[in-house]
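Enquirer: What follows is run_39.pdb, made up of PDB, C-alpha atoms:
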ATOM      1  CA  MET A   1      14.113 -12.397  -1.420  1.00  0.00           C
ATOM      2  CA  LYS A   2      11.636  -9.609  -1.010  1.00  0.00           C
ATOM      3  CA  ALA A   3       8.378  -9.386  -2.917  1.00  0.00           C
ATOM      4  CA  ARG A   4       5.911  -6.571  -2.779  1.00  0.00           C
ATOM      5  CA  VAL A   5       2.193  -6.907  -3.461  1.00  0.00           C
ATOM      6  CA  HIS A   6      -0.066  -3.930  -4.119  1.00  0.00           C
ATOM      7  CA  VAL A   7      -3.759  -4.492  -3.493  1.00  0.00           C
ATOM      8  CA  MET A   8      -6.176  -1.819  -4.692  1.00  0.00           C
ATOM      9  CA  LEU A   9      -9.943  -1.674  -4.873  1.00  0.00           C
ATOM     10  CA  LYS A  10     -11.081  -2.173  -8.463  1.00  0.00           C
ATOM     11  CA  ASP A  11     -12.275   0.831 -10.404  1.00  0.00           C
ATOM     12  CA  GLY A  12     -15.935   1.415  -9.752  1.00  0.00           C
ATOM     13  CA  VAL A  13     -15.816  -0.022  -6.253  1.00  0.00           C
ATOM     14  CA  LEU A  14     -16.657   2.675  -3.740  1.00  0.00           C
ATOM     15  CA  ASP A  15     -13.663   3.617  -1.571  1.00  0.00           C
ATOM     16  CA  PRO A  16     -14.976   5.401   1.528  1.00  0.00           C
ATOM     17  CA  GLN A  17     -11.530   5.475   3.130  1.00  0.00           C
ATOM     18  CA  GLY A  18     -10.035   7.257   0.127  1.00  0.00           C
ATOM     19  CA  GLU A  19     -13.013   9.581   0.032  1.00  0.00           C
ATOM     20  CA  ALA A  20     -12.445  10.470   3.692  1.00  0.00           C
ATOM     21  CA  VAL A  21      -8.799  11.249   2.957  1.00  0.00           C
ATOM     22  CA  ARG A  22      -9.780  13.443   0.013  1.00  0.00           C
ATOM     23  CA  HIS A  23     -12.203  15.348   2.192  1.00  0.00           C
ATOM     24  CA  ALA A  24      -9.668  15.751   4.993  1.00  0.00           C
ATOM     25  CA  LEU A  25      -7.005  17.053   2.601  1.00  0.00           C
ATOM     26  CA  GLY A  26      -9.477  19.648   1.354  1.00  0.00           C
ATOM     27  CA  ALA A  27     -10.315  20.649   4.929  1.00  0.00           C
ATOM     28  CA  LEU A  28      -6.591  21.075   5.639  1.00  0.00           C
ATOM     29  CA  GLY A  29      -6.357  23.545   2.775  1.00  0.00           C
ATOM     30  CA  PHE A  30      -4.772  21.381   0.120  1.00  0.00           C
ATOM     31  CA  GLY A  31      -6.474  22.363  -3.113  1.00  0.00           C
ATOM     32  CA  GLY A  32      -6.728  20.457  -6.350  1.00  0.00           C
ATOM     33  CA  VAL A  33      -7.046  17.008  -4.881  1.00  0.00           C
ATOM     34  CA  GLU A  34      -9.454  15.444  -7.341  1.00  0.00           C
ATOM     35  CA  GLY A  35      -9.484  11.883  -6.162  1.00  0.00           C
ATOM     36  CA  VAL A  36      -7.918   9.564  -3.647  1.00  0.00           C
ATOM     37  CA  ARG A  37      -7.866   5.777  -3.633  1.00  0.00           C
ATOM     38  CA  GLN A  38      -6.380   3.884  -0.761  1.00  0.00           C
ATOM     39  CA  GLY A  39      -4.997   0.392  -0.971  1.00  0.00           C
ATOM     40  CA  LYS A  40      -2.657  -1.966   0.791  1.00  0.00           C
ATOM     41  CA  VAL A  41       0.942  -2.829   0.196  1.00  0.00           C
ATOM     42  CA  ILE A  42       2.294  -6.076   1.574  1.00  0.00           C
ATOM     43  CA  GLU A  43       6.025  -6.712   1.744  1.00  0.00           C
ATOM     44  CA  LEU A  44       6.884 -10.383   1.880  1.00  0.00           C
ATOM     45  CA  ASP A  45      10.236 -11.813   2.889  1.00  0.00           C
ATOM     46  CA  LEU A  46      10.268 -15.088   0.969  1.00  0.00           C
ATOM     47  CA  ALA A  47      12.591 -18.020   0.466  1.00  0.00           C
ATOM     48  CA  ASP A  48      14.886 -17.560  -2.519  1.00  0.00           C
ATOM     49  CA  GLY A  49      13.463 -19.080  -5.671  1.00  0.00           C
ATOM     50  CA  THR A  50       9.826 -18.380  -4.882  1.00  0.00           C
ATOM     51  CA  THR A  51       8.131 -17.814  -8.217  1.00  0.00           C
ATOM     52  CA  GLU A  52       5.698 -15.128  -9.247  1.00  0.00           C
ATOM     53  CA  ALA A  53       3.079 -17.870  -9.708  1.00  0.00           C
ATOM     54  CA  GLN A  54       3.403 -18.833  -6.044  1.00  0.00           C
ATOM     55  CA  VAL A  55       3.030 -15.242  -4.928  1.00  0.00           C
ATOM     56  CA  GLY A  56       0.010 -14.992  -7.226  1.00  0.00           C
ATOM     57  CA  GLU A  57      -1.522 -17.966  -5.454  1.00  0.00           C
ATOM     58  CA  MET A  58      -0.979 -16.239  -2.090  1.00  0.00           C
ATOM     59  CA  CYS A  59      -2.826 -13.212  -3.464  1.00  0.00           C
ATOM     60  CA  GLU A  60      -5.719 -15.264  -4.809  1.00  0.00           C
ATOM     61  CA  LYS A  61      -6.084 -17.287  -1.634  1.00  0.00           C
ATOM     62  CA  LEU A  62      -5.421 -14.733   1.071  1.00  0.00           C
ATOM     63  CA  LEU A  63      -4.002 -11.320   0.330  1.00  0.00           C
ATOM     64  CA  ALA A  64      -6.628  -9.918  -2.030  1.00  0.00           C
ATOM     65  CA  ASN A  65     -10.373 -10.255  -2.252  1.00  0.00           C
ATOM     66  CA  THR A  66     -10.467 -10.650  -6.010  1.00  0.00           C
ATOM     67  CA  VAL A  67     -14.180  -9.891  -6.185  1.00  0.00           C
ATOM     68  CA  ILE A  68     -13.532  -6.241  -5.387  1.00  0.00           C
ATOM     69  CA  GLU A  69      -9.737  -5.905  -5.354  1.00  0.00           C
ATOM     70  CA  SER A  70      -7.012  -6.179  -7.945  1.00  0.00           C
ATOM     71  CA  TYR A  71      -3.420  -6.942  -7.114  1.00  0.00           C
ATOM     72  CA  ARG A  72      -0.033  -6.327  -8.640  1.00  0.00           C
ATOM     73  CA  ILE A  73       3.117  -8.250  -7.806  1.00  0.00           C
ATOM     74  CA  GLU A  74       6.572  -6.673  -7.761  1.00  0.00           C
ATOM     75  CA  LEU A  75       9.502  -9.047  -7.627  1.00  0.00           C
ATOM     76  CA  PRO A  76      13.179  -8.042  -7.510  1.00  0.00           C
ATOM     77  CA  ALA A  77      14.639  -8.002 -11.016  1.00  0.00           C
TER
ATOM     78  CA  MET B  78      -1.373  14.114 -12.419  1.00  0.00           C
ATOM     79  CA  LYS B  79      -1.207  11.008 -10.293  1.00  0.00           C
ATOM     80  CA  ALA B  80       0.979  10.652  -7.248  1.00  0.00           C
ATOM     81  CA  ARG B  81       1.419   7.566  -5.170  1.00  0.00           C
ATOM     82  CA  VAL B  82       2.384   7.529  -1.511  1.00  0.00           C
ATOM     83  CA  HIS B  83       3.591   4.414   0.277  1.00  0.00           C
ATOM     84  CA  VAL B  84       3.244   4.419   4.042  1.00  0.00           C
ATOM     85  CA  MET B  85       4.961   1.644   6.000  1.00  0.00           C
ATOM     86  CA  LEU B  86       5.515   1.075   9.689  1.00  0.00           C
ATOM     87  CA  LYS B  87       9.098   1.893  10.612  1.00  0.00           C
ATOM     88  CA  ASP B  88      11.497  -0.953  11.253  1.00  0.00           C
ATOM     89  CA  GLY B  89      11.237  -2.068  14.838  1.00  0.00           C
ATOM     90  CA  VAL B  90       7.598  -1.094  15.174  1.00  0.00           C
ATOM     91  CA  LEU B  91       5.518  -4.179  15.827  1.00  0.00           C
ATOM     92  CA  ASP B  92       3.232  -5.013  12.903  1.00  0.00           C
ATOM     93  CA  PRO B  93       0.509  -7.356  14.195  1.00  0.00           C
ATOM     94  CA  GLN B  94      -1.370  -7.216  10.893  1.00  0.00           C
ATOM     95  CA  GLY B  95       1.678  -8.380   8.968  1.00  0.00           C
ATOM     96  CA  GLU B  96       2.316 -11.021  11.591  1.00  0.00           C
ATOM     97  CA  ALA B  97      -1.247 -12.308  11.183  1.00  0.00           C
ATOM     98  CA  VAL B  98      -0.755 -12.521   7.416  1.00  0.00           C
ATOM     99  CA  ARG B  99       2.510 -14.407   7.887  1.00  0.00           C
ATOM    100  CA  HIS B 100       0.801 -16.877  10.190  1.00  0.00           C
ATOM    101  CA  ALA B 101      -2.143 -17.344   7.843  1.00  0.00           C
ATOM    102  CA  LEU B 102       0.152 -17.978   4.864  1.00  0.00           C
ATOM    103  CA  GLY B 103       1.916 -20.673   6.863  1.00  0.00           C
ATOM    104  CA  ALA B 104      -1.416 -22.236   7.817  1.00  0.00           C
ATOM    105  CA  LEU B 105      -2.398 -22.291   4.134  1.00  0.00           C
ATOM    106  CA  GLY B 106       0.699 -24.318   3.364  1.00  0.00           C
ATOM    107  CA  PHE B 107       2.938 -21.626   1.905  1.00  0.00           C
ATOM    108  CA  GLY B 108       6.390 -22.384   3.219  1.00  0.00           C
ATOM    109  CA  GLY B 109       9.379 -20.109   3.487  1.00  0.00           C
ATOM    110  CA  VAL B 110       7.540 -16.930   4.369  1.00  0.00           C
ATOM    111  CA  GLU B 111      10.004 -15.367   6.761  1.00  0.00           C
ATOM    112  CA  GLY B 112       8.402 -12.027   7.359  1.00  0.00           C
ATOM    113  CA  VAL B 113       5.476  -9.889   6.307  1.00  0.00           C
ATOM    114  CA  ARG B 114       5.013  -6.151   6.747  1.00  0.00           C
ATOM    115  CA  GLN B 115       1.796  -4.496   5.739  1.00  0.00           C
ATOM    116  CA  GLY B 116       1.445  -0.866   4.807  1.00  0.00           C
ATOM    117  CA  LYS B 117      -0.794   1.503   2.951  1.00  0.00           C
ATOM    118  CA  VAL B 118      -0.624   2.872  -0.543  1.00  0.00           C
ATOM    119  CA  ILE B 119      -2.500   6.053  -1.340  1.00  0.00           C
ATOM    120  CA  GLU B 120      -3.082   7.112  -4.937  1.00  0.00           C
ATOM    121  CA  LEU B 121      -3.745  10.817  -5.280  1.00  0.00           C
ATOM    122  CA  ASP B 122      -5.215  12.492  -8.315  1.00  0.00           C
ATOM    123  CA  LEU B 123      -3.723  15.974  -8.078  1.00  0.00           C
ATOM    124  CA  ALA B 124      -3.803  19.221 -10.016  1.00  0.00           C
ATOM    125  CA  ASP B 125      -0.996  19.440 -12.560  1.00  0.00           C
ATOM    126  CA  GLY B 126       2.067  21.161 -11.187  1.00  0.00           C
ATOM    127  CA  THR B 127       1.702  19.923  -7.635  1.00  0.00           C
ATOM    128  CA  THR B 128       5.223  19.597  -6.266  1.00  0.00           C
ATOM    129  CA  GLU B 129       6.784  16.803  -4.308  1.00  0.00           C
ATOM    130  CA  ALA B 130       7.134  19.223  -1.390  1.00  0.00           C
ATOM    131  CA  GLN B 131       3.385  19.753  -1.315  1.00  0.00           C
ATOM    132  CA  VAL B 132       2.736  16.013  -1.341  1.00  0.00           C
ATOM    133  CA  GLY B 133       5.312  15.691   1.440  1.00  0.00           C
ATOM    134  CA  GLU B 134       3.336  18.192   3.471  1.00  0.00           C
ATOM    135  CA  MET B 135       0.169  16.121   2.966  1.00  0.00           C
ATOM    136  CA  CYS B 136       2.062  13.108   4.285  1.00  0.00           C
ATOM    137  CA  GLU B 137       3.399  14.952   7.313  1.00  0.00           C
ATOM    138  CA  LYS B 138       0.053  16.467   8.193  1.00  0.00           C
ATOM    139  CA  LEU B 139      -2.379  13.688   7.401  1.00  0.00           C
ATOM    140  CA  LEU B 140      -1.338  10.601   5.488  1.00  0.00           C
ATOM    141  CA  ALA B 141       1.393   9.224   7.705  1.00  0.00           C
ATOM    142  CA  ASN B 142       1.901   9.127  11.444  1.00  0.00           C
ATOM    143  CA  THR B 143       5.584  10.000  11.309  1.00  0.00           C
ATOM    144  CA  VAL B 144       6.183   8.813  14.870  1.00  0.00           C
ATOM    145  CA  ILE B 145       5.773   5.204  13.803  1.00  0.00           C
ATOM    146  CA  GLU B 146       5.446   5.328  10.020  1.00  0.00           C
ATOM    147  CA  SER B 147       7.723   6.268   7.160  1.00  0.00           C
ATOM    148  CA  TYR B 148       6.484   7.346   3.769  1.00  0.00           C
ATOM    149  CA  ARG B 149       7.767   7.347   0.225  1.00  0.00           C
ATOM    150  CA  ILE B 150       6.416   9.530  -2.562  1.00  0.00           C
ATOM    151  CA  GLU B 151       6.258   8.399  -6.190  1.00  0.00           C
ATOM    152  CA  LEU B 152       5.575  11.078  -8.752  1.00  0.00           C
ATOM    153  CA  PRO B 153       5.249  10.524 -12.499  1.00  0.00           C
ATOM    154  CA  ALA B 154       8.577  11.138 -14.221  1.00  0.00           C
TER
END
Just give me the structure as structure tokens.
Expert:
Amino acid sequence: MKARVHVMLKDGVLDPQGEAVRHALGALGFGGVEGVRQGKVIELDLADGTTEAQVGEMCEKLLANTVIESYRIELPA
Amino acid sequence: MKARVHVMLKDGVLDPQGEAVRHALGALGFGGVEGVRQGKVIELDLADGTTEAQVGEMCEKLLANTVIESYRIELPA
């Protein structure tokens, strides 16, 4: 089974990478870009029957730095 | 309006970052992790009325390296 984890910086945490993208889009002539936040997406190919709780543990232990990042788990329905 | 762009390495392109995550998950005792691919997610805060075509142009020009990466655009319904 496939699981997908989205890891984003929490609101209020400075995102210099996103800021650089926003600036570059403006320089390329794209108007109206008010904000950009950049995060990670991790696609996991897991053994069938892996639970959301187990994926959550992977996030807490390795995939996300929960001090500054929040994560969201997407499992196949 | 908010748009979200997912950028992933194309299939067949080596993903050392994902491979490192896979290895680390195994070392932490998580079994059954068969594969990991890591990509980027970019959340854009755009002017209302921005079209999918315009976001596609941003991807082609800046957000994705289309030689090795594919992208997927998510717009609010």
Enquirer: Within 6 Å of chain A, which residues of chain B show up when using only C-alpha atoms, listed as a list of chain:residue names?
Expert: B:Gly109, B:Val110, B:Glu111, B:Gly112, B:Val113, B:Arg114, B:Gln115, B:Gly116, B:Lys117, B:Val118, B:Ile119, B:Glu120, B:Leu121, B:Asp122, B:Leu123, B:Ala124
Enquirer: Report, as lines of an AutoDock Vina configuration file, the centre and edge lengths in Å (one decimal) of the axis-aligned box enclosing every listed atom of stretch 26-43 of chain A, padded by 6 Å on each side.
Expert:
center_x = -2.1
center_y = 8.4
center_z = -0.9
size_x = 28.3
size_y = 42.3
size_z = 25.0
Enquirer: Can you work out the spacing between atom CA of B:Gly103 and atom CA of A:Ile68 in Å, to one decimal?
Expert: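 Atom-to-atom, atom CA of B:Gly103 to atom CA of A:Ile68, that is 24.4 Å.
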Enquirer: For a test of reading the model, state the distance in Å between atom CA of B:Arg149 and atom CA of B:Glu129, rounded to one decimal.
Expert: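 It comes out at 10.5 Å.
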Enquirer: Just say which residues the PyMOL selection byres ((chain B and resi 90) around 12) picks in this file, as a PyMOL selection string.
Expert: chain B and resi 85-89+91-96+114-115+143-147
Enquirer: What is the atom CA of B:Ala97 to atom CA of B:Asn142 distance in Å?
Expert: 21.7 Å
